[in-house]
$ cat protein-v5.cif   # mmCIF, C-alpha atoms
data_structure
#
loop_
_atom_site.label_atom_id
_atom_site.label_comp_id
_atom_site.auth_asym_id
_atom_site.auth_seq_id
_atom_site.Cartn_x
_atom_site.Cartn_y
_atom_site.Cartn_z
CA MET A 22 -1.96 0.24 -27.75
CA VAL A 23 -2.11 -3.51 -28.00
CA ASP A 24 -3.57 -4.85 -24.80
CA LEU A 25 -1.27 -7.61 -23.68
CA THR A 26 -3.21 -8.60 -20.58
CA LEU A 27 -4.01 -12.27 -20.39
CA SER A 28 -7.06 -12.24 -18.16
CA LEU A 29 -9.03 -15.39 -17.73
CA ALA A 30 -11.93 -16.06 -20.08
CA PRO A 31 -15.20 -14.56 -18.87
CA GLY A 32 -17.38 -17.03 -17.05
CA THR A 33 -18.18 -18.44 -13.65
CA TYR A 34 -15.57 -20.45 -11.80
CA GLY A 35 -15.83 -22.60 -8.70
CA ALA A 36 -18.87 -23.34 -6.60
CA GLU A 37 -22.34 -22.80 -7.97
CA ASN A 38 -24.73 -21.17 -5.54
CA ARG A 39 -28.43 -20.61 -5.79
CA GLU A 40 -27.82 -16.94 -4.97
CA GLY A 41 -25.26 -16.65 -7.77
CA PRO A 42 -21.48 -16.27 -7.52
CA GLY A 43 -20.16 -14.85 -4.26
CA VAL A 44 -17.74 -12.51 -6.03
CA THR A 45 -17.85 -10.74 -9.37
CA VAL A 46 -14.63 -9.46 -10.94
CA SER A 47 -14.69 -6.89 -13.68
CA GLN A 48 -12.00 -4.76 -15.21
CA ARG A 49 -12.30 -0.98 -15.08
CA HIS A 50 -11.15 0.57 -18.33
CA GLY A 51 -10.35 4.10 -19.41
CA LEU A 52 -9.11 5.37 -16.05
CA HIS A 53 -6.41 7.98 -15.78
CA ILE A 54 -4.13 7.26 -12.85
CA LEU A 55 -1.51 9.65 -11.54
CA HIS A 56 1.01 9.11 -8.81
CA LEU A 57 1.31 12.41 -7.00
CA ALA A 58 4.12 13.38 -4.65
CA GLY A 59 4.61 16.67 -2.90
CA ASP A 60 5.46 18.21 0.43
CA LEU A 61 2.36 19.04 2.48
CA SER A 62 4.36 21.34 4.73
CA ASP A 63 5.11 23.52 1.72
CA THR A 64 2.48 26.21 1.33
CA ASP A 65 2.24 26.21 -2.48
CA PHE A 66 1.82 22.50 -3.10
CA PRO A 67 -1.43 21.72 -1.23
CA THR A 68 -3.05 24.83 -2.68
CA ALA A 69 -2.04 23.97 -6.24
CA ALA A 70 -3.17 20.36 -5.76
CA ARG A 71 -6.51 21.54 -4.39
CA HIS A 72 -7.05 23.71 -7.47
CA ALA A 73 -6.05 20.94 -9.85
CA LEU A 74 -8.25 18.32 -8.20
CA GLY A 75 -11.13 20.46 -7.00
CA LEU A 76 -10.82 18.83 -3.57
CA PRO A 77 -8.32 18.87 -0.74
CA LEU A 78 -5.74 16.10 -0.47
CA PRO A 79 -6.52 13.39 2.09
CA GLN A 80 -4.02 13.65 4.94
CA LEU A 81 -4.88 10.73 7.20
CA ALA A 82 -3.46 7.26 6.73
CA GLY A 83 -5.69 5.22 4.42
CA GLU A 84 -8.07 8.09 3.76
CA THR A 85 -9.69 8.67 0.36
CA ARG A 86 -11.49 11.70 -1.08
CA ASP A 87 -14.00 11.81 -3.86
CA GLY A 88 -15.53 14.47 -6.05
CA HIS A 89 -15.70 16.08 -9.52
CA GLY A 90 -15.05 12.68 -11.11
CA VAL A 91 -11.75 12.34 -9.25
CA ARG A 92 -10.82 9.92 -6.48
CA VAL A 93 -7.71 10.56 -4.42
CA LEU A 94 -6.15 7.80 -2.33
CA TRP A 95 -3.62 8.37 0.43
CA LEU A 96 -0.73 5.96 -0.16
CA ALA A 97 2.00 7.22 2.15
CA PRO A 98 3.02 10.52 3.74
CA ASN A 99 3.21 13.03 0.87
CA ARG A 100 2.18 10.39 -1.70
CA TRP A 101 -1.22 9.99 -3.35
CA LEU A 102 -2.87 8.07 -6.14
CA VAL A 103 -5.20 10.20 -8.25
CA VAL A 104 -7.79 8.29 -10.25
CA SER A 105 -10.11 10.01 -12.70
CA GLY A 106 -12.29 9.29 -15.68
CA HIS A 107 -10.94 12.31 -17.52
CA LYS A 108 -7.39 13.35 -18.20
CA LEU A 109 -5.85 15.70 -15.67
CA GLU A 110 -3.08 18.06 -16.71
CA THR A 111 0.06 17.15 -14.82
CA ASP A 112 1.26 20.77 -14.98
CA ALA A 113 -1.77 21.89 -12.99
CA PHE A 114 -0.27 20.57 -9.76
CA GLY A 115 2.36 23.27 -9.81
CA GLU A 116 6.13 23.29 -9.80
CA LYS A 117 6.44 21.82 -6.31
CA ALA A 118 4.71 18.56 -7.22
CA SER A 119 6.07 15.43 -8.81
CA VAL A 120 3.40 13.84 -10.98
CA ASN A 121 3.73 10.57 -12.85
CA ASP A 122 1.15 9.05 -15.13
CA VAL A 123 0.99 5.41 -14.07
CA GLY A 124 -2.29 4.56 -15.82
CA GLN A 125 -0.67 2.34 -18.44
CA GLY A 126 1.05 0.32 -15.75
CA ARG A 127 -1.96 -0.46 -13.59
CA SER A 128 -4.83 -2.81 -14.02
CA VAL A 129 -7.89 -1.88 -12.00
CA LEU A 130 -10.27 -4.64 -10.96
CA ARG A 131 -13.69 -4.01 -9.47
CA LEU A 132 -14.59 -6.77 -7.03
CA SER A 133 -18.12 -7.01 -5.72
CA GLY A 134 -20.41 -9.50 -4.08
CA ARG A 135 -21.36 -10.87 -0.69
CA SER A 136 -18.15 -12.93 -0.26
CA VAL A 137 -15.66 -10.32 -1.39
CA ARG A 138 -14.23 -9.64 2.08
CA ASP A 139 -13.88 -13.35 2.82
CA LEU A 140 -12.03 -13.80 -0.44
CA LEU A 141 -9.63 -10.88 0.10
CA CYS A 142 -8.96 -12.03 3.68
CA LYS A 143 -7.34 -15.16 2.32
CA GLY A 144 -4.38 -13.34 0.86
CA CYS A 145 -4.26 -9.97 2.56
CA PRO A 146 -2.62 -9.27 5.92
CA ILE A 147 -4.61 -6.16 6.84
CA ASP A 148 -7.75 -6.21 8.95
CA LEU A 149 -10.63 -6.19 6.47
CA ASP A 150 -13.38 -6.24 9.08
CA PRO A 151 -16.08 -3.73 8.03
CA GLN A 152 -15.52 -1.92 11.34
CA SER A 153 -11.90 -1.11 10.58
CA PHE A 154 -11.88 -1.06 6.77
CA SER A 155 -15.03 0.54 5.39
CA ALA A 156 -16.03 2.67 2.41
CA GLY A 157 -13.58 5.54 2.11
CA HIS A 158 -10.59 3.51 3.28
CA ALA A 159 -7.74 2.46 1.02
CA ALA A 160 -4.47 0.71 1.75
CA ALA A 161 -1.29 -0.22 -0.04
CA THR A 162 -0.71 -3.79 1.05
CA LEU A 163 -0.26 -7.35 -0.19
CA LEU A 164 -2.64 -9.72 -1.87
CA GLY A 165 -1.37 -13.17 -2.65
CA HIS A 166 2.23 -11.96 -2.18
CA LEU A 167 1.64 -9.16 -4.66
CA ASN A 168 1.87 -5.44 -3.92
CA VAL A 169 -1.60 -4.00 -4.46
CA VAL A 170 -3.69 -1.04 -3.48
CA ILE A 171 -7.10 -1.98 -2.08
CA ASP A 172 -9.76 0.70 -2.14
CA CYS A 173 -13.06 0.11 -0.37
CA ILE A 174 -15.84 1.68 -2.46
CA ALA A 175 -18.83 0.32 -0.56
CA ASP A 176 -19.44 -2.36 2.02
CA ASP A 177 -19.04 -5.21 -0.46
CA VAL A 178 -17.41 -3.40 -3.37
CA PHE A 179 -13.63 -3.01 -3.68
CA ASP A 180 -11.26 -1.69 -6.32
CA LEU A 181 -7.95 -3.45 -6.67
CA TYR A 182 -4.97 -1.68 -8.26
CA VAL A 183 -2.50 -4.23 -9.57
CA THR A 184 0.63 -3.93 -11.66
CA ARG A 185 -0.63 -4.68 -15.15
CA SER A 186 1.83 -7.47 -15.85
CA PHE A 187 0.40 -9.35 -12.85
CA ASP A 188 -3.15 -9.03 -14.13
CA HIS A 189 -3.35 -12.66 -15.20
CA PHE A 190 -1.79 -13.86 -11.96
CA ILE A 191 -4.25 -11.95 -9.81
CA HIS A 192 -7.24 -13.21 -11.81
CA ASP A 193 -5.90 -16.71 -11.39
CA TRP A 194 -5.40 -16.16 -7.66
CA LEU A 195 -8.90 -14.73 -7.21
CA VAL A 196 -10.44 -17.68 -9.01
CA ARG A 197 -8.48 -20.26 -7.02
CA ALA A 198 -8.99 -18.56 -3.65
CA GLY A 199 -12.65 -17.92 -4.43
CA LYS A 200 -13.51 -21.46 -5.50
CA GLU A 201 -15.69 -22.04 -2.44
CA PHE A 202 -17.70 -18.85 -3.05
CA GLY A 203 -17.93 -18.99 -6.82
CA VAL A 204 -16.25 -16.23 -8.85
CA ARG A 205 -17.68 -14.63 -11.94
CA ILE A 206 -15.22 -13.00 -14.32
CA SER A 207 -17.33 -10.57 -16.30
CA ALA A 208 -16.66 -9.79 -19.94
CA ALA A 209 -14.60 -6.67 -20.69
CA MET B 673 4.75 -13.23 12.81
CA LEU B 674 5.38 -9.78 14.26
CA GLU B 675 2.83 -7.02 14.14
CA ILE B 676 4.72 -3.81 13.53
CA ASN B 677 3.14 -0.46 14.22
CA CYS B 678 4.14 1.66 11.24
CA PRO B 679 4.17 5.29 12.42
CA TYR B 680 2.56 6.27 9.11
CA CYS B 681 0.12 3.44 8.30
CA GLY B 682 -0.72 1.87 11.66
CA LYS B 683 -0.42 -1.76 12.68
CA ARG B 684 0.60 -4.02 9.83
CA ALA B 685 1.85 -7.57 9.51
CA GLN B 686 5.58 -8.29 9.36
CA LYS B 687 4.99 -9.74 5.88
CA GLU B 688 4.63 -6.18 4.57
CA PHE B 689 8.07 -5.16 5.88
CA THR B 690 11.64 -5.87 4.88
CA TYR B 691 14.39 -5.83 7.49
CA ALA B 692 16.81 -3.04 6.67
CA GLY B 693 19.56 -3.46 9.23
CA ASP B 694 20.81 -2.19 12.56
CA ALA B 695 19.51 1.29 13.34
CA GLY B 696 22.39 1.88 15.72
CA ALA B 697 25.20 1.67 13.16
CA GLU B 698 26.63 5.15 12.75
CA ARG B 699 28.01 6.19 9.41
CA PRO B 700 31.55 7.60 9.74
CA ASN B 701 32.26 11.16 8.71
CA LEU B 702 33.11 11.22 5.01
CA GLU B 703 36.12 13.51 5.56
CA THR B 704 37.57 12.25 8.82
CA GLY B 705 36.49 8.58 8.96
CA THR B 706 39.42 6.16 8.97
CA ASN B 707 39.55 2.79 7.24
CA GLN B 708 38.98 1.16 10.61
CA ASP B 709 35.83 3.31 11.16
CA TRP B 710 34.47 2.25 7.81
CA PHE B 711 35.33 -1.39 8.40
CA GLU B 712 33.39 -1.30 11.66
CA PHE B 713 30.45 0.52 10.08
CA VAL B 714 30.17 -1.86 7.15
CA TYR B 715 30.93 -5.21 8.79
CA LEU B 716 30.80 -5.17 12.56
CA ARG B 717 27.54 -5.40 14.46
CA ASN B 718 26.66 -5.87 18.08
CA ASN B 719 24.51 -8.86 18.84
CA PRO B 720 22.81 -7.80 22.04
CA ARG B 721 20.53 -10.02 24.08
CA GLY B 722 17.49 -7.88 24.77
CA LEU B 723 16.53 -4.54 23.27
CA HIS B 724 17.72 -3.83 19.75
CA ASP B 725 16.99 -0.88 17.46
CA GLU B 726 16.32 -1.96 13.90
CA LEU B 727 15.40 -0.33 10.63
CA TRP B 728 12.51 -1.85 8.75
CA HIS B 729 11.32 -0.87 5.28
CA HIS B 730 7.55 -0.86 4.85
CA SER B 731 8.09 -2.28 1.39
CA ALA B 732 4.52 -3.36 0.70
CA GLY B 733 2.89 -0.31 2.26
CA CYS B 734 4.05 3.29 2.46
CA ARG B 735 7.63 2.37 1.43
CA ARG B 736 9.11 4.40 4.26
CA LEU B 737 11.97 3.33 6.48
CA ILE B 738 10.96 3.09 10.12
CA LYS B 739 12.83 2.45 13.34
CA VAL B 740 11.70 -0.40 15.56
CA ARG B 741 12.88 -1.10 19.11
CA ARG B 742 12.46 -4.81 19.63
CA ASP B 743 13.37 -7.29 22.33
CA VAL B 744 15.18 -10.01 20.40
CA VAL B 745 14.56 -12.53 23.19
CA THR B 746 10.80 -12.15 23.57
CA HIS B 747 10.11 -10.56 20.13
CA GLU B 748 8.16 -7.88 21.94
CA ILE B 749 8.14 -4.58 20.05
CA ILE B 750 8.69 -1.79 22.55
CA ASP B 751 8.27 1.23 20.29
CA THR B 752 8.39 2.32 16.66
CA GLY B 753 8.98 5.65 14.98
CA ALA B 754 10.62 7.54 12.17
CA PRO B 755 14.38 6.83 11.80
CA SER B 756 15.23 10.17 13.42
CA ASP B 757 12.92 9.65 16.42
CA SER B 758 14.22 8.67 19.83
CA LEU B 759 12.22 5.67 20.98
CA SER B 760 10.85 4.86 24.40
CA THR B 761 12.86 2.46 26.53
CA GLY B 762 9.74 0.60 27.61
CA ALA B 763 10.71 0.96 31.27
CA SER B 764 7.69 1.78 33.38
#
$ encode --input "protein-v5.cif" --output "structure tokens"
Amino acid sequence: MVDLTLSLAPGTYGAENREGPGVTVSQRHGLHILHLAGDLSDTDFPTAARHALGLPLPQLAGETRDGHGVRVLWLAPNRWLVVSGHKLETDAFGEKASVNDVGQGRSVLRLSGRSVRDLLCKGCPIDLDPQSFSAGHAAATLLGHLNVVIDCIADDVFDLYVTRSFDHFIHDWLVRAGKEFGVRISAA
Amino acid sequence: MLEINCPYCGKRAQKEFTYAGDAGAERPNLETGTNQDWFEFVYLRNNPRGLHDELWHHSAGCRRLIKVRRDVVTHEIIDTGAPSDSLSTGAS
């Protein structure tokens, strides 16, 4: 597939600090992303999903689960985002599930660095304080007026799921909002 | 800016929601509803001063419709829930 994303050229933008850029942005490639829907109150669905994923579905708001190379994000009641490095068979989730491969439509950005929370705070209405949004939390929310999913990987590491056609916009937004911290766009 | 307690996601900013109309409007029966019933359902709304039940769509979050009981004078949100829930009156 021809990659039509128009990300900014790799390099460092904005302020120059002795400690290096406050935020580093890199693109995560080769991920398989499924949007999974199914009724938890049905007995067959959670069991089939558990077999397919090798881990139980997260059931609390904003909860994520990890294991066997798969990460599952709670998006809404009965809705999950399944992210894996290897391809998962959509049939494996059973007849009661609705599974859509959305991998081609999402761009996944890995944001890291000491200023990453300060940067995200500028365009995101949820509380990103480490006490309320820590590793293992994810949320479907807004960033710079754009619908995104923010997944907290570690204290200062976040994954950002963006509609692919907005990839350039979100890079541009991150660079502009992060001018005071310095933003490094890493190659590939 | 309102802070709306989504029954599924927790407290979120109003920016994440889209107003989806009066939660009190009752859809007429498809078989027995008269033209007048439909006219009232589609066009006529009460404009109360005080408590008002509203539907909001959590469009930038879980994408569920929720019901919000809000005081339109003070903007205080009394209670929120699923559209089928009966909400608290806030009277203590």
$ interface_residues --input "protein-v5.cif" --of "chain A" --to "chain B" --cutoff "6 Å" --atoms "all atoms listed in the file" --output "count of residues only"
6
$ residues_around --input "protein-v5.cif" --residues "Gly696 in chain B" --least-positions-apart "3" --cutoff "10 Å" --atoms "only C-alpha atoms" --output "ChimeraX atom specification"
/B:693,699,713,717-718,724-727,739
$ residues_near_point --input "protein-v5.cif" --point "(15.0, 3.4, 26.6)" --cutoff "10 Å" --atoms "all atoms listed in the file" --output "PyMOL selection string"
chain B and resi 723+741+750-751+758-763
$ resolve_selection --input "protein-v5.cif" --expression "the PyMOL selection byres ((chain A and resi 54-70) around 9)" --output "ChimeraX atom specification"
/A:52-53,71-78,80,98-106,108-109,111,113-125,127
$ write_last_selection --input "protein-v5.cif" --atoms "C-alpha atoms" --output "compact mmCIF listing (two decimals), in the coordinates of the input"
# COMPACT_ATOMS: atom_id res chain seq x y z
CA LEU A 52 -9.11 5.37 -16.05
CA HIS A 53 -6.41 7.98 -15.78
CA ARG A 71 -6.51 21.54 -4.39
CA HIS A 72 -7.05 23.71 -7.47
CA ALA A 73 -6.05 20.94 -9.85
CA LEU A 74 -8.25 18.32 -8.20
CA GLY A 75 -11.13 20.46 -7.00
CA LEU A 76 -10.82 18.83 -3.57
CA PRO A 77 -8.32 18.87 -0.74
CA LEU A 78 -5.74 16.10 -0.47
CA GLN A 80 -4.02 13.65 4.94
CA PRO A 98 3.02 10.52 3.74
CA ASN A 99 3.21 13.03 0.87
CA ARG A 100 2.18 10.39 -1.70
CA TRP A 101 -1.22 9.99 -3.35
CA LEU A 102 -2.87 8.07 -6.14
CA VAL A 103 -5.20 10.20 -8.25
CA VAL A 104 -7.79 8.29 -10.25
CA SER A 105 -10.11 10.01 -12.70
CA GLY A 106 -12.29 9.29 -15.68
CA LYS A 108 -7.39 13.35 -18.20
CA LEU A 109 -5.85 15.70 -15.67
CA THR A 111 0.06 17.15 -14.82
CA ALA A 113 -1.77 21.89 -12.99
CA PHE A 114 -0.27 20.57 -9.76
CA GLY A 115 2.36 23.27 -9.81
CA GLU A 116 6.13 23.29 -9.80
CA LYS A 117 6.44 21.82 -6.31
CA ALA A 118 4.71 18.56 -7.22
CA SER A 119 6.07 15.43 -8.81
CA VAL A 120 3.40 13.84 -10.98
CA ASN A 121 3.73 10.57 -12.85
CA ASP A 122 1.15 9.05 -15.13
CA VAL A 123 0.99 5.41 -14.07
CA GLY A 124 -2.29 4.56 -15.82
CA GLN A 125 -0.67 2.34 -18.44
CA ARG A 127 -1.96 -0.46 -13.59
$ atom_distance --input "protein-v5.cif" --atom1 "CA of Gly41 in chain A" --atom2 "CA of Lys143 in chain A"
20.6 Å
$ resolve_selection --input "protein-v5.cif" --expression "the PyMOL selection byres ((chain B and resi 755) around 7)" --output "PyMOL selection string"
chain B and resi 737-739+753-754+756-757
$ atom_distance --input "protein-v5.cif" --atom1 "CA of Pro700 in chain B" --atom2 "CA of Glu712 in chain B"
9.3 Å
$ atom_distance --input "protein-v5.cif" --atom1 "CA of His729 in chain B" --atom2 "CA of Pro79 in chain A"
23.1 Å
$ closest_residue --input "protein-v5.cif" --among "A:Leu29, A:Val93, A:Ala208, A:Ala36" --to "Trp194 in chain A" --atoms "all atoms listed in the file"
A:Leu29
$ residues_around --input "protein-v5.cif" --residues "range 45-48 of chain A" --least-positions-apart "3" --cutoff "7 Å" --atoms "all atoms listed in the file" --output "list of chain:residue names"
A:Pro42, A:Val129, A:Leu130, A:Arg131, A:Leu132, A:Ser133, A:Gly134, A:Val204, A:Arg205, A:Ile206, A:Ser207, A:Ala209
$ resolve_selection --input "protein-v5.cif" --expression "the PyMOL selection byres ((chain A and resi 165) around 7)" --output "PyMOL selection string"
chain A and resi 144-145+163-164+166-167
